[in-house]
Each structure stands twice: as C-alpha cells, then as structure tokens.
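Chemist: Supplied in structure tokens, the structure appears directly below.
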Amino acid sequence: MGVALLRIDDRLIHGQVVEGWVPFLRVDLVVVISDAAASDEIQTALMKMALPPAVGLLVVPVAEAAARLRSLERASRRSLVLVPGPVEALALMESGVEVDRINVGGLHYTVGKVQLGRALFLNEKDRLALVALAAKGVRLEGRALPSDVAEDLTAALEGR
C-alpha cells in the first residue's frame with residue numbers, strides 16, 4: 001500500500017484534511033513529517049484529537065521519515081503524508097521516498113513570500129525546492145480539496 005498522497009500544507013492537520021482528504025483517500029494513517037511538530041507533544045496531541053478514531057497518527061522528524069515510511073509500506077498501511085513545506089518534501093525525495101505527484105494544498109502568506117496560486121505563497125527557498133521536485137519528474141498539483149480541479153504548479157513555476 002504505502003503513501004496514498006504526499007501533501008504540502010503549512011497547517012498540517014485541519015478541516016480540509018480531516019473532512020476532505022482522509023475519507024477521499026481512505027487512509028488508515030496520517031504521517032506528519034515535521035521537526036517542529038515532532039518536538040511538540042501538545043501539537044501532536046491536538047492533531048490526534050482532530051482525526052477520526054479509526055485513523056492513526058505518526059509524527060516524525062524529517063531525518064527519520066524515509067525509514068519510517070518504508071516500514072509502514074511493509075506493514076501495508078495506507079497513509080496520507082503531510083509536510084509543512086516544499087523543503088521537507090524535497091528532503092523526503094532525496095532520502096529515497098518515491099512519489100509521482102505532490103499535492104500542494106496551502107502555503108500561507110508571511111512577509112517576503114510571493115503568490116503562486118490561490119492559497120500558495122512562496123519564498124525563494126520554497127520556490128527552489130518546488131523547482132527541484134519538478135526536475136525529478138514529480139507532478140506538482142495545487143488544490144485544497146479532492147473535489148477541486150488540480151492546478152499544474154509546474155507550469156506556474158515556469159511562468160506559463
């Protein structure tokens with residue numbers, strides 16, 4: 001089974017994920033890959049409370065993510081993987097995690113970021129990580145919910 005979807009979303013677990021993606025993908029596990037979340041027991045507890053009881057939660061730092069995902073694949077878990085930004089997604093790919101597409105769901109505005117899509121704001125580090133992912137042949141799709149039309153972010157990154 002393995003990774004049903006790798007999603008970039010700086011909010012990690014929230015309503016769109018719980019009500020939209022989890023049932024649509026029929027996952028039994030949500031894996032959050034974030035150094036900050038992995039070191040914050042309160043944030044982890046809150047994320048677990050937001051999920052349906054039948055859906056497990058695993059929160060791991062980026063350095064441990066590839067090994068943990070490989071073990072989940074052997075355990076036949078169907079998982080939604082959430083990362084807070086493109087840099088973490090690129091780190092996963094560079095550590096051997098293979099996906100053919102990445103859903104970019106939400107990167108919200110902070111000072112110094114420029115808008116790429118409806119709810120997608122990037123700094124230069126984010127943009128370079130997305131360009132590197134696209135260069136690896138990964139399809140980058142922008143959409144908040146499964147019912148939304150997927151926007152090709154690769155074309156947007158290239159200015160088409």
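In the structure tokens, chains take letters A, B, ... by order of appearance, with residues numbered from 1 within each chain and ligands from 1 in the order shown.
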Could you pull out the residues in chain A that DSSP calls alpha helix (DSSP H) from the backbone, as number ranges by chain?
Modeler: A: 15, 22-25, 35-38, 41-50, 62-74, 86-94, 124-135, 153-157
Chemist: Hey, which bits of range 65-122 of chain A sit within 9 Å of range 27-41 of chain A, and for each residue what's the closest pair of atoms and how far apart in Å (one decimal), counting only C-alpha atoms, rows by chain and increasing number, as a Markdown table?
Modeler:
| residue | atom | partner | partner_atom | distance |
| --- | --- | --- | --- | --- |
| A:Ala65 | CA | A:Ile33 | CA | 6.5 |
| A:Leu69 | CA | A:Val31 | CA | 8.5 |
| A:Arg77 | CA | A:Asp28 | CA | 6.7 |
| A:Arg78 | CA | A:Val27 | CA | 5.0 |
| A:Ser79 | CA | A:Leu29 | CA | 4.7 |
| A:Leu80 | CA | A:Val30 | CA | 4.9 |
| A:Val81 | CA | A:Val31 | CA | 4.7 |
| A:Leu82 | CA | A:Val32 | CA | 4.8 |
| A:Val83 | CA | A:Ile33 | CA | 5.2 |
| A:Pro84 | CA | A:Ser34 | CA | 6.7 |
| A:Glu88 | CA | A:Ser34 | CA | 7.5 |
| A:Ala89 | CA | A:Ile33 | CA | 8.9 |
Chemist: Those same residues, written as a PDB file, in the first residue's frame with C-alpha atoms?
Modeler:
ATOM      1  CA  ALA A  65      10.898   9.963   7.830  1.00  0.00           C
ATOM      2  CA  LEU A  69       7.690   5.333   5.636  1.00  0.00           C
ATOM      3  CA  ARG A  77      -0.612   0.840   5.883  1.00  0.00           C
ATOM      4  CA  ARG A  78      -2.332   3.300   3.545  1.00  0.00           C
ATOM      5  CA  SER A  79      -1.102   6.722   4.560  1.00  0.00           C
ATOM      6  CA  LEU A  80      -1.530  10.396   3.893  1.00  0.00           C
ATOM      7  CA  VAL A  81       1.820  12.103   4.387  1.00  0.00           C
ATOM      8  CA  LEU A  82       1.775  15.760   5.407  1.00  0.00           C
ATOM      9  CA  VAL A  83       4.759  18.091   5.357  1.00  0.00           C
ATOM     10  CA  PRO A  84       4.721  21.795   6.253  1.00  0.00           C
ATOM     11  CA  GLU A  88      10.625  18.882   3.688  1.00  0.00           C
ATOM     12  CA  ALA A  89       9.066  17.283   0.592  1.00  0.00           C
TER      13      ALA A  89
END
Chemist: Identify, on the basis of only C-alpha atoms, every residue whose closest approach to range 116-128 of chain A does not exceed 10 Å; exclude the query and any residue fewer than 5 positions from it along the same chain; express the result as a VMD selection string.
Modeler: chain A and resid 9 85 to 88 90 104 to 111 133 to 134 142 to 144 151 to 153 156 to 157 159
Chemist: Next, the residues of the selection above should be written as a short mmCIF file (atom, residue, chain, number, x, y, z; two decimals), in the first residue's frame with N, CA and C atoms.
Modeler:
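And here is the file that came out, out_17.cif:
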data_model
loop_
_atom_site.label_atom_id
_atom_site.label_comp_id
_atom_site.auth_asym_id
_atom_site.auth_seq_id
_atom_site.Cartn_x
_atom_site.Cartn_y
_atom_site.Cartn_z
N ASP A 9 1.33 21.29 3.23
CA ASP A 9 0.33 22.20 3.82
C ASP A 9 0.89 22.71 5.13
N GLY A 85 6.17 22.14 4.30
CA GLY A 85 6.68 22.96 3.21
C GLY A 85 7.40 22.16 2.15
N PRO A 86 7.72 22.81 1.04
CA PRO A 86 8.42 22.15 -0.06
C PRO A 86 9.80 21.63 0.32
N VAL A 87 10.49 22.28 1.23
CA VAL A 87 11.84 21.86 1.62
C VAL A 87 11.78 20.47 2.24
N GLU A 88 10.77 20.21 3.08
CA GLU A 88 10.62 18.88 3.69
C GLU A 88 10.26 17.84 2.64
N LEU A 90 11.14 17.88 -0.52
CA LEU A 90 12.37 17.62 -1.27
C LEU A 90 13.31 16.73 -0.45
N VAL A 104 0.04 20.30 -3.39
CA VAL A 104 0.42 21.50 -2.66
C VAL A 104 -0.88 22.18 -2.27
N GLY A 105 -1.23 22.04 -0.99
CA GLY A 105 -2.54 22.47 -0.55
C GLY A 105 -2.60 23.84 0.07
N GLY A 106 -1.59 24.24 0.78
CA GLY A 106 -1.65 25.53 1.43
C GLY A 106 -0.31 25.98 1.96
N LEU A 107 0.18 27.06 1.42
CA LEU A 107 1.36 27.74 1.93
C LEU A 107 0.93 29.19 2.07
N HIS A 108 0.69 29.59 3.27
CA HIS A 108 0.04 30.87 3.51
C HIS A 108 1.03 32.02 3.58
N TYR A 109 0.48 33.22 3.43
CA TYR A 109 1.29 34.42 3.34
C TYR A 109 2.01 34.73 4.64
N THR A 110 3.28 35.02 4.51
CA THR A 110 4.07 35.67 5.54
C THR A 110 4.95 36.68 4.81
N VAL A 111 5.54 37.58 5.53
CA VAL A 111 6.35 38.64 4.93
C VAL A 111 7.46 38.03 4.07
N LEU A 133 11.85 19.55 -7.19
CA LEU A 133 10.91 18.43 -7.22
C LEU A 133 10.39 18.21 -8.63
N ALA A 134 10.03 19.28 -9.31
CA ALA A 134 9.54 19.17 -10.69
C ALA A 134 10.63 18.59 -11.59
N GLY A 142 -1.76 21.86 -7.46
CA GLY A 142 -2.30 22.77 -6.47
C GLY A 142 -3.80 22.55 -6.35
N ARG A 143 -4.23 22.12 -5.19
CA ARG A 143 -5.67 22.03 -4.91
C ARG A 143 -5.87 21.81 -3.42
N ALA A 144 -6.89 22.49 -2.91
CA ALA A 144 -7.17 22.42 -1.48
C ALA A 144 -7.94 21.16 -1.11
N GLU A 151 -4.55 22.29 -10.22
CA GLU A 151 -3.81 23.29 -10.99
C GLU A 151 -2.39 22.78 -11.17
N ASP A 152 -1.87 22.83 -12.38
CA ASP A 152 -0.50 22.41 -12.66
C ASP A 152 0.46 23.48 -12.16
N LEU A 153 1.12 23.22 -11.06
CA LEU A 153 2.01 24.22 -10.48
C LEU A 153 3.36 24.28 -11.20
N ALA A 156 3.02 26.94 -13.63
CA ALA A 156 3.01 28.23 -12.94
C ALA A 156 4.41 28.63 -12.49
N LEU A 157 5.21 27.66 -12.04
CA LEU A 157 6.58 27.94 -11.62
C LEU A 157 7.43 28.41 -12.79
N GLY A 159 6.27 30.05 -15.27
CA GLY A 159 5.70 31.28 -15.79
C GLY A 159 4.82 31.10 -17.00
#
Chemist: Which residues are close to range 19-21 of chain A, i.e. within 10 Å by only C-alpha atoms, leaving aside same-chain residues fewer than 4 positions away? Reply as an MDAnalysis selection string.
Modeler: chainID A and resid 5 7 14:15 25:27 51:52 80 144:147
Chemist: Please save C-alpha atoms of the selected residues as a CSV table (one decimal), in the first residue's frame.
Modeler:
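So the final result, stored in part_18.csv, reads:
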chain,number,residue,atom,x,y,z
A,5,LEU,CA,-0.7,11.1,-1.2
A,7,ARG,CA,0.6,16.8,0.7
A,14,HIS,CA,-7.0,20.8,9.8
A,15,GLY,CA,-10.6,20.6,8.4
A,25,LEU,CA,-8.1,8.6,0.1
A,26,ARG,CA,-9.5,6.0,2.6
A,27,VAL,CA,-6.3,6.2,4.6
A,51,LEU,CA,-8.5,12.8,13.4
A,52,PRO,CA,-11.3,10.2,13.4
A,80,LEU,CA,-1.5,10.4,3.9
A,144,ALA,CA,-7.2,22.4,-1.5
A,145,LEU,CA,-9.8,19.6,-1.6
A,146,PRO,CA,-10.2,16.4,-3.7
A,147,SER,CA,-13.2,18.0,-5.4
Chemist: From the set A:Val114, A:Ala45, A:Ile102, A:Ala4, which residue has the shortest atom-to-atom contact distance to Leu130 in chain A, counting only C-alpha atoms?
Modeler: A:Ile102
Chemist: Name the residues in contact with Lys48 in chain A at a cut-off of 9 Å, using only C-alpha atoms, excluding same-chain residues fewer than 6 positions from it; report them as a list of chain:residue names.
Modeler: A:Ile13, A:Val55, A:Gly56, A:Leu57, A:Leu58
Chemist: Here is a test: counting only C-alpha atoms, which residue of A:Glu158, A:Glu141, A:Arg11, A:Ala54 is nearest to Pro23 in chain A?
Modeler: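 That would be A:Ala54, the residue with the smallest distance to Pro23 in chain A.
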Chemist: I'd like the interatomic distance between CA of Val60 in chain A and CA of Leu72 in chain A, to a tenth of an Å.
Modeler: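 CA of Leu72 in chain A lies 12.7 Å from CA of Val60 in chain A.
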Chemist: In Å, with one decimal, what is the gap from CA of Ala50 in chain A to CA of Arg139 in chain A?
Modeler: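 Separation between CA of Ala50 in chain A and CA of Arg139 in chain A: 28.9 Å.
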